[in-house]
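Below is one structure; the comments refer to it alone.
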Amino acid sequence: MASPPARESPELALDKPAEIQFARFFRSLPQASTPTVRLFERNGGQFHTVHGDDACCAADHVYRTAAVLRHMAGDEATGLATCSLSKANAVALLKYALFEQLARVEVWAMPESAAAYGRREWRVVKTASPGRLAELEDWLYGAAASDTVATIMAVKVVPDGANHKVGIALMDATSSTTLSVAEFVDSDGFSSLEALMVQTSCREALIPDDVKSLALRRVRQLLEQAQVMYTPQKTAQFAAKDAAVDLAVLLGVEQLTDVKQVPIDQMSVALAAVGGLLAYLDLRGREDMAGQFTLQQIHPCHFMRLDSAAVDALHLFPPARATAAIKESASFNTSTLNKSASLYGLLNHCRTPQGNRLLSQWIRQPLLDLPQIEERMDVVEALVEETQLLQALHGTHLRMLPDLMQIGKKFHRGSATLQDAVRIYQAAIRLPSLLEAVADYQGPHVAVLERLFLGPIGQSAQQLGNFETMIERTIDLHALDRHEFLVKPDFDANLAQIAGEMKRVSAAFRPEAERVADALGFELDKKLRFEHSPIYGHHLRLTRTDATKLRNKPGYIDLATQKAGVLFTTKPLKALNEKHADLQATYNRLQASLVREILEITKTYLPVLEKLNGRIAHLDVLTAFAVATVRARIPYVRPQLRPCHVTAADRRIVLRAARHPCLEAQDGVNFIPNDVELDHTANEFTIITGPNAAGKSVYIRQIGVIVAMAQIGCFVPCRDAEITLVDAILARVGAGDSQLRGISTFMAEMLETASILSSATKQSLLIIDELGRGTSTYDGFGLAWAISEWVVKKIGSFALFATHFHELTALADVYPQIVNRHVQVAVTDDAMVLLYQVLPGICDQSFGIHVAHLARFPERVIELAKRKALELENFELSILLDRQTQSDDRHVTSEPKTVAEPASTSVAAKKQRLWKANADVIREGNDLIRQVLADFAAIEAFPDLSDDERQERIAALREKYADRVAGQPFCQEVLSAF
């Protein structure tokens, strides 16, 4: 959201009957099928009101206080909650609803005729949704450019044998008139569709309202899981035949076969999706927009696949709801959040809105094309090495360039003004200095800079030469200093006459200000300020203290009291303002036809501006990568990259002294780096064990973040890095349920894992954190083991598995490509020191009870936990012994087996070695253990025994069984395990 809005709430003045009537009307409105915020215009649009739950939402998230709530037609218990919003606060609420809550918005107004006659005829005048912002775009952004990506997608699914053919049509509602399409075959899990939603930053999806379709039901579940709003549309709107006619009009072609770049006439399912999208955006039959759209085809296979779980797990973007919660905290620090909460915030040193949007797109679409990645890194390396060029671009040139795409949309909508043409001119005249700065670079990457930037930007600058000449000949550039956008008066005799009168009026302002200064005894431009504003025109200002001299003096008119002082005017100055305003209105009326002609000529340059905008965004993002590289606590390095499809022997990911880029950027963090080695011989599947909060999750996630950074073309936080490109990063991290969707924590975990198993390839990177802990220990461990085996035997991809199932480490004894690693921790009687070092080997114990001790649990609770943990281990061991004994009864051998010498102190390893003992020895030892436990339980059956008596009986019991236990190898083996 933008900067915090003003806290003042406008006053809504209604009499009691009007309040009762409106409250009755509001409560009669039908319940919306999806979350919807309704704003009501008041006083001709001077402010707005929201009611009911929307009023509470505004109080919580805009004003941050319930004091602004009042209750209409009743008290707090029976009345309708109401909150008034100024324009700025209404915009803040809209942004929160659309971009953070993914809700729809309705703006209600009353026609002037209804208001004049006292009727209450409210109606919806504007609507918006996360993917459809056109009607409220001027509200949301005003003159400011948008750095928000709001993509709306239409989805059509048809059966294709055992799979499904999926057609996609999508559009970025905030910055483009480009329609994108895709058609592909997907599995039942729709993993490719999920990856495409992530890649395109989909905010809203349109699907047919066929409630009987099992495929669409799965698509709806996928959209809910990815937190994408979906809007059911009539199935009839997804008609390819009707869409073909409307699309041809928008593209400006006779028929779709004329579109050479995209074979849309052969993509029937995608064309059906286009029909649903055009119907929802009211673009059908729009002759007024003929030829204004372009079509492009999306190729999802050109980018790394990221599932929504990976985006969340790797913190590629700050989650909107979490960000809002942080902002509400009293300790919220914007700079800290932007720097370290996500990869986007860390890398976002962009100077332009188009750069912000492109950065978001690149993070969602890591490349698989090695030459293109190397090309980006060449530019970053050139900027890192040439600090003067980096400073010139980041500190001066890029920040001066506007969002040309956003300006172009205003021309398409017909809402552009002379100011927009001037902004394009101001961007064009700055291009030569930018080109000159880039041309001064003479390093090893000159050819790349020439191909990517000097050539394309130079060509655009040349094409805009005639436009610059037109603006200089037609626009009064001197008037820009007064924030006036005028056609030069020498274009027309009437304009020249009015301009002369305006000049004479303007010349009279200063003498009047000097007269007031003399009369009040203040020096002009020191104590007394002579200013101009769009609201008050030319006026005077004194500090609040000095303004006391105005009291009881005739001829002075107060305008406003502000923090900066008291604004006032005089009757002569007011008359001059009014005359100047009248002349300005006449001038604008006479120049309107000339302005229309200038804007029409400017519109012809939009294709040039679109290409130029793309080059500027490209340069801005690479400059941001270079800034992030040099500003890091330890500068990032350029990784050595290998293509995705290489032989298994050449596939490896080796990171030396790797760091998590977001965590190391946090204040007060001294990050401990770790080495990473993944290859397809002995380090393909890594199991990491260790206590909670010791760094397991950070270790596996930082590997995913570093690989993603490398494939978007950024340097990485390592001492050195060797990375083979991966075609996907798929994650199963954390535990979360969705009660509203009826999905439990364990079910969510299984759905994510099923998606991984169905979509991962040998070239993928899997990140799994705590799998199988949402069910019983046995089931969870069994699933974790089976899934791990499946990944190793059937998929063969790089995988990182952080787990508390220590028994899972036995997989390394079965499969040579599995390696065990653990997070080092130093434990004493009263402290546990987390060292955050990842070392070879396993962690053979659990630290849960020790952590509880550090958390200052009561000692009795700690002792009970230890006793119950020991009982559970004995219980599990007893079950395993019984099962082994029964098995040995069926397969008794005459040759006794010897017990192997202990190879490690691992409890799990010792338990496994028990099965090597002779079956008779096991049976005899098991019976002896049962006798000991039964006798010990008999002692515990007498709670009235004193401590001395209890100790005597235990000593007698120990003496009774000492010789038998000492001569029983199986019992000795069991005792050594504890």
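Residues are referred to by chain and number: the chain letter is A, B, ... according to the order shown in the structure tokens, the number counts from 1 in that chain, and ligands are numbered separately from 1 in the order shown.
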Tell me, as a ChimeraX atom specification, which residues lie within 7 Å of Gly355 (chain A), counting only C-alpha atoms; anything in the same chain fewer than 2 positions away does not count.
-> /A:350-353,357-359,617-618,620-621
Give me a file of those residues, with N, CA and C atoms, as a CSV table (one decimal), in the first residue's frame.
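Result file is part_17.csv:
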```csv
chain,number,residue,atom,x,y,z
A,350,CYS,N,15.3,-1.0,-8.6
A,350,CYS,CA,14.9,-0.4,-9.8
A,350,CYS,C,14.5,1.1,-9.6
A,351,ARG,N,14.7,1.9,-10.7
A,351,ARG,CA,14.4,3.3,-10.6
A,351,ARG,C,13.1,3.7,-11.4
A,352,THR,N,12.5,2.7,-12.1
A,352,THR,CA,11.3,3.0,-12.9
A,352,THR,C,10.2,2.0,-12.5
A,353,PRO,N,8.9,2.4,-12.7
A,353,PRO,CA,7.8,1.4,-12.5
A,353,PRO,C,7.9,0.2,-13.5
A,357,ARG,N,8.0,-3.9,-12.6
A,357,ARG,CA,7.2,-4.9,-13.1
A,357,ARG,C,8.0,-6.0,-13.8
A,358,LEU,N,9.0,-5.6,-14.5
A,358,LEU,CA,9.9,-6.6,-15.2
A,358,LEU,C,10.6,-7.4,-14.2
A,359,LEU,N,11.1,-6.9,-13.2
A,359,LEU,CA,11.8,-7.6,-12.1
A,359,LEU,C,10.9,-8.7,-11.6
A,617,ALA,N,13.2,-0.8,-19.2
A,617,ALA,CA,12.9,-1.7,-18.1
A,617,ALA,C,14.0,-2.8,-18.0
A,618,HIS,N,14.5,-3.3,-19.2
A,618,HIS,CA,15.5,-4.3,-19.2
A,618,HIS,C,16.8,-3.7,-18.6
A,620,ASP,N,17.1,-1.2,-16.5
A,620,ASP,CA,16.8,-0.9,-15.1
A,620,ASP,C,17.0,-2.1,-14.2
A,621,VAL,N,16.5,-3.3,-14.7
A,621,VAL,CA,16.5,-4.5,-13.8
A,621,VAL,C,18.0,-5.0,-13.7
```
Run DSSP on the backbone and give me the residues of region 419-496 of chain A it puts in helix (DSSP H, G or I), as a PyMOL selection string.
-> chain A and resi 419-428+431-439+446-463+465-474+477-482+489-491+493-496
In terms of the shortest atom-to-atom distance over only C-alpha atoms, which of A:Arg504, A:His61, A:Pro263, A:Val707 is closest to Arg642 (chain A)?
-> A:Val707
Using backbone DSSP assignments, extract all strand (DSSP E or B) residues from region 2-135 of chain A; output them as a ChimeraX atom specification.
-> /A:36-42,47-51,70-72,80-85,104-109,123-129,132
At a cut-off of 12 Å, using only C-alpha atoms, what residues contact Arg659 (chain A)? Leave out same-chain residues fewer than 3 positions from it and give the result as a PDB file with N, CA and C atoms, in the first residue's frame.
```
ATOM      1  N   ALA A 632      25.780  -5.696  -1.233  1.00  0.00           N
ATOM      2  CA  ALA A 632      25.691  -6.793  -0.270  1.00  0.00           C
ATOM      3  C   ALA A 632      26.853  -6.719   0.713  1.00  0.00           C
ATOM      4  N   ARG A 633      26.654  -7.237   1.921  1.00  0.00           N
ATOM      5  CA  ARG A 633      27.714  -7.208   2.932  1.00  0.00           C
ATOM      6  C   ARG A 633      28.982  -7.889   2.418  1.00  0.00           C
ATOM      7  N   ILE A 634      28.781  -9.030   1.763  1.00  0.00           N
ATOM      8  CA  ILE A 634      29.862  -9.680   1.024  1.00  0.00           C
ATOM      9  C   ILE A 634      29.417  -9.694  -0.427  1.00  0.00           C
ATOM     10  N   PRO A 635      30.100  -8.991  -1.325  1.00  0.00           N
ATOM     11  CA  PRO A 635      29.628  -8.884  -2.712  1.00  0.00           C
ATOM     12  C   PRO A 635      29.344 -10.248  -3.336  1.00  0.00           C
ATOM     13  N   TYR A 636      28.315 -10.303  -4.153  1.00  0.00           N
ATOM     14  CA  TYR A 636      27.948 -11.531  -4.846  1.00  0.00           C
ATOM     15  C   TYR A 636      28.986 -11.848  -5.929  1.00  0.00           C
ATOM     16  N   VAL A 637      28.949 -13.097  -6.403  1.00  0.00           N
ATOM     17  CA  VAL A 637      29.892 -13.537  -7.437  1.00  0.00           C
ATOM     18  C   VAL A 637      29.118 -14.077  -8.638  1.00  0.00           C
ATOM     19  N   LEU A 655      28.290 -25.095  -4.411  1.00  0.00           N
ATOM     20  CA  LEU A 655      28.291 -23.740  -3.872  1.00  0.00           C
ATOM     21  C   LEU A 655      29.268 -23.686  -2.701  1.00  0.00           C
ATOM     22  N   ARG A 656      30.240 -22.828  -2.787  1.00  0.00           N
ATOM     23  CA  ARG A 656      31.208 -22.676  -1.715  1.00  0.00           C
ATOM     24  C   ARG A 656      30.860 -21.455  -0.879  1.00  0.00           C
ATOM     25  N   CYS A 662      18.627 -13.097   1.734  1.00  0.00           N
ATOM     26  CA  CYS A 662      17.701 -12.271   2.505  1.00  0.00           C
ATOM     27  C   CYS A 662      18.086 -12.223   3.984  1.00  0.00           C
ATOM     28  N   LEU A 663      18.479 -13.362   4.524  1.00  0.00           N
ATOM     29  CA  LEU A 663      18.816 -13.390   5.947  1.00  0.00           C
ATOM     30  C   LEU A 663      20.084 -12.605   6.237  1.00  0.00           C
ATOM     31  N   GLU A 664      21.083 -12.706   5.379  1.00  0.00           N
ATOM     32  CA  GLU A 664      22.333 -11.994   5.668  1.00  0.00           C
ATOM     33  C   GLU A 664      22.159 -10.481   5.564  1.00  0.00           C
ATOM     34  N   ALA A 665      21.089 -10.031   4.904  1.00  0.00           N
ATOM     35  CA  ALA A 665      20.853  -8.597   4.772  1.00  0.00           C
ATOM     36  C   ALA A 665      20.158  -8.002   5.984  1.00  0.00           C
ATOM     37  N   VAL A 669      22.433  -9.662  11.961  1.00  0.00           N
ATOM     38  CA  VAL A 669      22.612 -11.073  11.630  1.00  0.00           C
ATOM     39  C   VAL A 669      24.025 -11.299  11.113  1.00  0.00           C
ATOM     40  N   ASN A 670      24.740 -12.218  11.755  1.00  0.00           N
ATOM     41  CA  ASN A 670      26.063 -12.633  11.279  1.00  0.00           C
ATOM     42  C   ASN A 670      25.900 -14.027  10.691  1.00  0.00           C
ATOM     43  N   PHE A 671      25.657 -14.102   9.400  1.00  0.00           N
ATOM     44  CA  PHE A 671      25.259 -15.354   8.769  1.00  0.00           C
ATOM     45  C   PHE A 671      26.452 -16.306   8.662  1.00  0.00           C
ATOM     46  N   ILE A 672      26.201 -17.586   8.987  1.00  0.00           N
ATOM     47  CA  ILE A 672      27.226 -18.621   8.901  1.00  0.00           C
ATOM     48  C   ILE A 672      27.104 -19.306   7.544  1.00  0.00           C
ATOM     49  N   PRO A 673      28.090 -19.167   6.656  1.00  0.00           N
ATOM     50  CA  PRO A 673      27.997 -19.799   5.331  1.00  0.00           C
ATOM     51  C   PRO A 673      28.239 -21.294   5.407  1.00  0.00           C
ATOM     52  N   ASN A 674      27.739 -22.021   4.412  1.00  0.00           N
ATOM     53  CA  ASN A 674      27.925 -23.465   4.328  1.00  0.00           C
ATOM     54  C   ASN A 674      28.185 -23.865   2.884  1.00  0.00           C
ATOM     55  N   ASP A 675      28.909 -24.947   2.704  1.00  0.00           N
ATOM     56  CA  ASP A 675      29.173 -25.487   1.371  1.00  0.00           C
ATOM     57  C   ASP A 675      28.036 -26.415   0.955  1.00  0.00           C
ATOM     58  N   VAL A 676      27.842 -26.516  -0.353  1.00  0.00           N
ATOM     59  CA  VAL A 676      26.801 -27.371  -0.920  1.00  0.00           C
ATOM     60  C   VAL A 676      27.413 -28.148  -2.080  1.00  0.00           C
ATOM     61  N   GLY A 695      18.889 -24.450  11.603  1.00  0.00           N
ATOM     62  CA  GLY A 695      19.291 -23.996  10.283  1.00  0.00           C
ATOM     63  C   GLY A 695      19.033 -24.964   9.147  1.00  0.00           C
ATOM     64  N   VAL A 698      16.758 -23.194   6.519  1.00  0.00           N
ATOM     65  CA  VAL A 698      17.502 -22.124   5.852  1.00  0.00           C
ATOM     66  C   VAL A 698      18.476 -22.717   4.839  1.00  0.00           C
ATOM     67  N   TYR A 699      19.132 -23.806   5.220  1.00  0.00           N
ATOM     68  CA  TYR A 699      20.126 -24.431   4.344  1.00  0.00           C
ATOM     69  C   TYR A 699      19.499 -24.896   3.031  1.00  0.00           C
ATOM     70  N   ILE A 700      18.384 -25.618   3.114  1.00  0.00           N
ATOM     71  CA  ILE A 700      17.802 -26.150   1.878  1.00  0.00           C
ATOM     72  C   ILE A 700      17.140 -25.046   1.059  1.00  0.00           C
ATOM     73  N   ARG A 701      16.575 -24.050   1.724  1.00  0.00           N
ATOM     74  CA  ARG A 701      15.922 -22.974   0.976  1.00  0.00           C
ATOM     75  C   ARG A 701      16.939 -22.066   0.303  1.00  0.00           C
ATOM     76  N   GLN A 702      18.066 -21.824   0.953  1.00  0.00           N
ATOM     77  CA  GLN A 702      19.031 -20.916   0.345  1.00  0.00           C
ATOM     78  C   GLN A 702      19.581 -21.497  -0.954  1.00  0.00           C
ATOM     79  N   ILE A 703      19.622 -22.829  -1.050  1.00  0.00           N
ATOM     80  CA  ILE A 703      20.063 -23.456  -2.294  1.00  0.00           C
ATOM     81  C   ILE A 703      19.076 -23.151  -3.407  1.00  0.00           C
ATOM     82  N   GLY A 704      17.779 -23.260  -3.108  1.00  0.00           N
ATOM     83  CA  GLY A 704      16.769 -22.928  -4.106  1.00  0.00           C
ATOM     84  C   GLY A 704      16.818 -21.467  -4.511  1.00  0.00           C
ATOM     85  N   VAL A 705      16.999 -20.574  -3.535  1.00  0.00           N
ATOM     86  CA  VAL A 705      17.068 -19.140  -3.841  1.00  0.00           C
ATOM     87  C   VAL A 705      18.276 -18.834  -4.724  1.00  0.00           C
ATOM     88  N   ILE A 706      19.416 -19.428  -4.409  1.00  0.00           N
ATOM     89  CA  ILE A 706      20.636 -19.163  -5.186  1.00  0.00           C
ATOM     90  C   ILE A 706      20.477 -19.661  -6.620  1.00  0.00           C
ATOM     91  N   VAL A 716      25.333 -14.331  -7.371  1.00  0.00           N
ATOM     92  CA  VAL A 716      24.811 -15.115  -6.253  1.00  0.00           C
ATOM     93  C   VAL A 716      25.681 -14.938  -5.008  1.00  0.00           C
ATOM     94  N   PRO A 717      25.101 -15.117  -3.812  1.00  0.00           N
ATOM     95  CA  PRO A 717      25.844 -14.934  -2.549  1.00  0.00           C
ATOM     96  C   PRO A 717      26.660 -16.163  -2.173  1.00  0.00           C
ATOM     97  N   CYS A 718      27.790 -16.340  -2.808  1.00  0.00           N
ATOM     98  CA  CYS A 718      28.707 -17.447  -2.537  1.00  0.00           C
ATOM     99  C   CYS A 718      30.133 -16.938  -2.702  1.00  0.00           C
ATOM    100  N   ARG A 719      31.089 -17.776  -2.250  1.00  0.00           N
ATOM    101  CA  ARG A 719      32.485 -17.472  -2.572  1.00  0.00           C
ATOM    102  C   ARG A 719      32.778 -17.847  -4.013  1.00  0.00           C
ATOM    103  N   ASP A 720      32.271 -18.995  -4.441  1.00  0.00           N
ATOM    104  CA  ASP A 720      32.254 -19.362  -5.848  1.00  0.00           C
ATOM    105  C   ASP A 720      31.139 -20.376  -6.036  1.00  0.00           C
ATOM    106  N   ALA A 721      30.640 -20.488  -7.267  1.00  0.00           N
ATOM    107  CA  ALA A 721      29.461 -21.319  -7.519  1.00  0.00           C
ATOM    108  C   ALA A 721      29.554 -21.958  -8.886  1.00  0.00           C
ATOM    109  N   TYR A 836      24.961 -23.717  13.516  1.00  0.00           N
ATOM    110  CA  TYR A 836      24.527 -23.442  12.139  1.00  0.00           C
ATOM    111  C   TYR A 836      25.506 -23.950  11.081  1.00  0.00           C
ATOM    112  N   GLN A 837      26.325 -24.905  11.438  1.00  0.00           N
ATOM    113  CA  GLN A 837      27.235 -25.526  10.488  1.00  0.00           C
ATOM    114  C   GLN A 837      26.624 -26.839  10.009  1.00  0.00           C
TER     115      GLN A 837
END
```
The residue from A:Ser946, A:Ala812, A:Ile723, A:Leu93 with the smallest atom-to-atom distance to Asp60 (chain A), counting only C-alpha atoms, is A:Leu93
Could you give me, as a list in words, the residues within 7 Å of Thr82 (chain A), counting only C-alpha atoms and dropping anything in the same chain fewer than 5 positions from it?
-> Thr49, Val50, His51, Gly52, Ala55, Leu69, Arg70, His71 and Met72 of chain A
Take the selection from the previous step and output its residues with N, CA and C atoms, as a PDB file, in the first residue's frame.
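To be explicit, this is the file written out as out-v3.pdb:
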```pdb
ATOM      1  N   THR A  49     -18.424   6.724   1.579  1.00  0.00           N
ATOM      2  CA  THR A  49     -18.699   5.997   2.815  1.00  0.00           C
ATOM      3  C   THR A  49     -18.710   4.501   2.526  1.00  0.00           C
ATOM      4  N   VAL A  50     -18.369   3.727   3.561  1.00  0.00           N
ATOM      5  CA  VAL A  50     -18.494   2.271   3.512  1.00  0.00           C
ATOM      6  C   VAL A  50     -19.264   1.847   4.745  1.00  0.00           C
ATOM      7  N   HIS A  51     -19.904   0.679   4.673  1.00  0.00           N
ATOM      8  CA  HIS A  51     -20.845   0.299   5.719  1.00  0.00           C
ATOM      9  C   HIS A  51     -20.709  -1.174   6.063  1.00  0.00           C
ATOM     10  N   GLY A  52     -21.177  -1.518   7.259  1.00  0.00           N
ATOM     11  CA  GLY A  52     -21.146  -2.904   7.701  1.00  0.00           C
ATOM     12  C   GLY A  52     -19.727  -3.399   7.887  1.00  0.00           C
ATOM     13  N   ALA A  55     -16.984  -1.133   6.610  1.00  0.00           N
ATOM     14  CA  ALA A  55     -16.615  -0.026   7.504  1.00  0.00           C
ATOM     15  C   ALA A  55     -15.606  -0.496   8.547  1.00  0.00           C
ATOM     16  N   LEU A  69     -15.552   4.927  13.530  1.00  0.00           N
ATOM     17  CA  LEU A  69     -16.828   4.277  13.240  1.00  0.00           C
ATOM     18  C   LEU A  69     -17.971   5.011  13.924  1.00  0.00           C
ATOM     19  N   ARG A  70     -19.053   5.192  13.198  1.00  0.00           N
ATOM     20  CA  ARG A  70     -20.308   5.621  13.798  1.00  0.00           C
ATOM     21  C   ARG A  70     -21.391   4.669  13.325  1.00  0.00           C
ATOM     22  N   HIS A  71     -22.546   4.708  13.988  1.00  0.00           N
ATOM     23  CA  HIS A  71     -23.586   3.734  13.685  1.00  0.00           C
ATOM     24  C   HIS A  71     -24.844   4.450  13.240  1.00  0.00           C
ATOM     25  N   MET A  72     -25.289   4.096  12.057  1.00  0.00           N
ATOM     26  CA  MET A  72     -26.416   4.753  11.406  1.00  0.00           C
ATOM     27  C   MET A  72     -27.717   4.043  11.792  1.00  0.00           C
TER      28      MET A  72
END
```
Long-range neighbours of Ser201 (chain A) as a PyMOL selection string, 9 Å cut-off, only C-alpha atoms, 5 positions minimum in chain | chain A and resi 149-152+196+360-361+364
Using only C-alpha atoms, find each residue in region 116-219 of chain A having at least one atom no more than 12 Å away from region 25-35 of chain A; report its shortest atom-to-atom pair and that distance in Å (one decimal), rows by chain then rising number, as a Markdown table.
```
| residue | atom | partner | partner_atom | distance |
| --- | --- | --- | --- | --- |
| A:Arg120 | CA | A:Phe25 | CA | 8.9 |
| A:Glu121 | CA | A:Phe25 | CA | 9.8 |
| A:Trp122 | CA | A:Phe25 | CA | 9.1 |
| A:Arg123 | CA | A:Leu29 | CA | 11.1 |
| A:Val124 | CA | A:Leu29 | CA | 11.8 |
| A:Ser129 | CA | A:Pro35 | CA | 10.2 |
| A:Pro130 | CA | A:Pro35 | CA | 11.6 |
```
Selection near Gly565 (chain A), 7 Å with only C-alpha atoms, sequence-local residues under 3 positions removed, as JSON, numbers by chain = {"A": [541, 542, 543, 544, 561, 562]}
Pull N, CA and C atoms from the residues just selected and write them as a PDB file, in the first residue's frame.
```
ATOM      1  N   ARG A 541       1.682  33.878   2.038  1.00  0.00           N
ATOM      2  CA  ARG A 541       1.763  33.012   3.212  1.00  0.00           C
ATOM      3  C   ARG A 541       2.629  33.647   4.288  1.00  0.00           C
ATOM      4  N   LEU A 542       2.117  33.580   5.515  1.00  0.00           N
ATOM      5  CA  LEU A 542       2.866  33.990   6.703  1.00  0.00           C
ATOM      6  C   LEU A 542       2.879  32.833   7.696  1.00  0.00           C
ATOM      7  N   THR A 543       3.887  32.802   8.548  1.00  0.00           N
ATOM      8  CA  THR A 543       3.871  31.809   9.615  1.00  0.00           C
ATOM      9  C   THR A 543       2.696  32.094  10.546  1.00  0.00           C
ATOM     10  N   ARG A 544       2.336  31.128  11.346  1.00  0.00           N
ATOM     11  CA  ARG A 544       1.200  31.314  12.245  1.00  0.00           C
ATOM     12  C   ARG A 544       1.449  32.456  13.231  1.00  0.00           C
ATOM     13  N   THR A 561      -5.322  27.449   6.885  1.00  0.00           N
ATOM     14  CA  THR A 561      -4.267  27.391   7.902  1.00  0.00           C
ATOM     15  C   THR A 561      -3.637  26.010   7.825  1.00  0.00           C
ATOM     16  N   GLN A 562      -2.359  25.993   7.554  1.00  0.00           N
ATOM     17  CA  GLN A 562      -1.642  24.734   7.390  1.00  0.00           C
ATOM     18  C   GLN A 562      -0.453  24.693   8.341  1.00  0.00           C
TER      19      GLN A 562
END
```
Skip Phe40 (chain A) itself and residues of its chain fewer than 3 positions away, then list as a PDB file with C-alpha atoms, in the first residue's frame all residues within 12 Å of it, counting only C-alpha atoms.
```
ATOM      1  CA  LEU A  12     -21.538  12.534   6.877  1.00  0.00           C
ATOM      2  CA  PHE A  22     -30.285   4.129   3.648  1.00  0.00           C
ATOM      3  CA  PHE A  26     -28.081  -1.332   2.335  1.00  0.00           C
ATOM      4  CA  VAL A  37     -16.217  -4.001  -0.987  1.00  0.00           C
ATOM      5  CA  ASN A  43     -21.643  15.086  -1.845  1.00  0.00           C
ATOM      6  CA  GLY A  44     -21.085  14.663  -5.553  1.00  0.00           C
ATOM      7  CA  GLY A  45     -18.003  12.499  -5.067  1.00  0.00           C
ATOM      8  CA  GLN A  46     -16.236  14.766  -2.559  1.00  0.00           C
ATOM      9  CA  PHE A  47     -15.921  11.776  -0.214  1.00  0.00           C
ATOM     10  CA  HIS A  48     -17.187   8.200   0.158  1.00  0.00           C
ATOM     11  CA  THR A  49     -18.699   5.997   2.815  1.00  0.00           C
ATOM     12  CA  VAL A  50     -18.494   2.271   3.512  1.00  0.00           C
ATOM     13  CA  HIS A  51     -20.845   0.299   5.719  1.00  0.00           C
ATOM     14  CA  ASP A  54     -16.532  -2.849   4.948  1.00  0.00           C
ATOM     15  CA  ALA A  55     -16.615  -0.026   7.504  1.00  0.00           C
ATOM     16  CA  THR A  82     -20.470   3.472   8.923  1.00  0.00           C
ATOM     17  CA  CYS A  83     -17.093   4.961   8.060  1.00  0.00           C
ATOM     18  CA  SER A  84     -16.424   8.036   5.906  1.00  0.00           C
ATOM     19  CA  LEU A  85     -13.412   8.166   3.591  1.00  0.00           C
ATOM     20  CA  SER A  86     -11.671  11.035   1.858  1.00  0.00           C
ATOM     21  CA  LYS A  87     -10.458  10.388  -1.703  1.00  0.00           C
ATOM     22  CA  ALA A  90     -10.786   5.552  -0.379  1.00  0.00           C
ATOM     23  CA  VAL A 105     -14.948  -3.480  -5.594  1.00  0.00           C
ATOM     24  CA  GLU A 106     -18.203  -1.701  -6.431  1.00  0.00           C
ATOM     25  CA  VAL A 107     -18.594   2.085  -6.425  1.00  0.00           C
ATOM     26  CA  TRP A 108     -22.202   3.187  -5.959  1.00  0.00           C
ATOM     27  CA  ALA A 109     -23.525   6.645  -6.806  1.00  0.00           C
ATOM     28  CA  MET A 110     -26.826   8.455  -6.946  1.00  0.00           C
ATOM     29  CA  GLU A 121     -31.817   5.576  -6.534  1.00  0.00           C
ATOM     30  CA  TRP A 122     -28.377   4.156  -5.831  1.00  0.00           C
ATOM     31  CA  ARG A 123     -26.702   2.270  -8.656  1.00  0.00           C
ATOM     32  CA  VAL A 124     -23.296   0.755  -9.406  1.00  0.00           C
ATOM     33  CA  VAL A 125     -21.248   3.163 -11.555  1.00  0.00           C
ATOM     34  CA  LYS A 126     -17.808   1.499 -11.407  1.00  0.00           C
TER      35      LYS A 126
END
```
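Distances here use only C-alpha atoms; by that measure, the residue among A:Ala513, A:Leu346, A:Leu771, A:Ala560 closest to His660 (chain A) is A:Leu346.
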State, in Å with one decimal place, the distance from CA of Asp440 (chain A) to CA of Leu390 (chain A).
-> 11.8 Å
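Residue nearest Val384 (chain A), chosen from A:Arg413, A:Arg631, A:Lys212, A:Lys762 and counting only C-alpha atoms: A:Arg631.
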Among A:Arg220, A:Asp525, A:Val380, A:Asn466, Val630 (chain A) is approached most closely, using only C-alpha atoms, by A:Val380
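Of the residues under consideration (A:Ile939, A:Leu281, A:Val185, A:Leu94), A:Leu281 shows the shortest atom-to-atom contact distance to Asp172 (chain A) when counting only C-alpha atoms.
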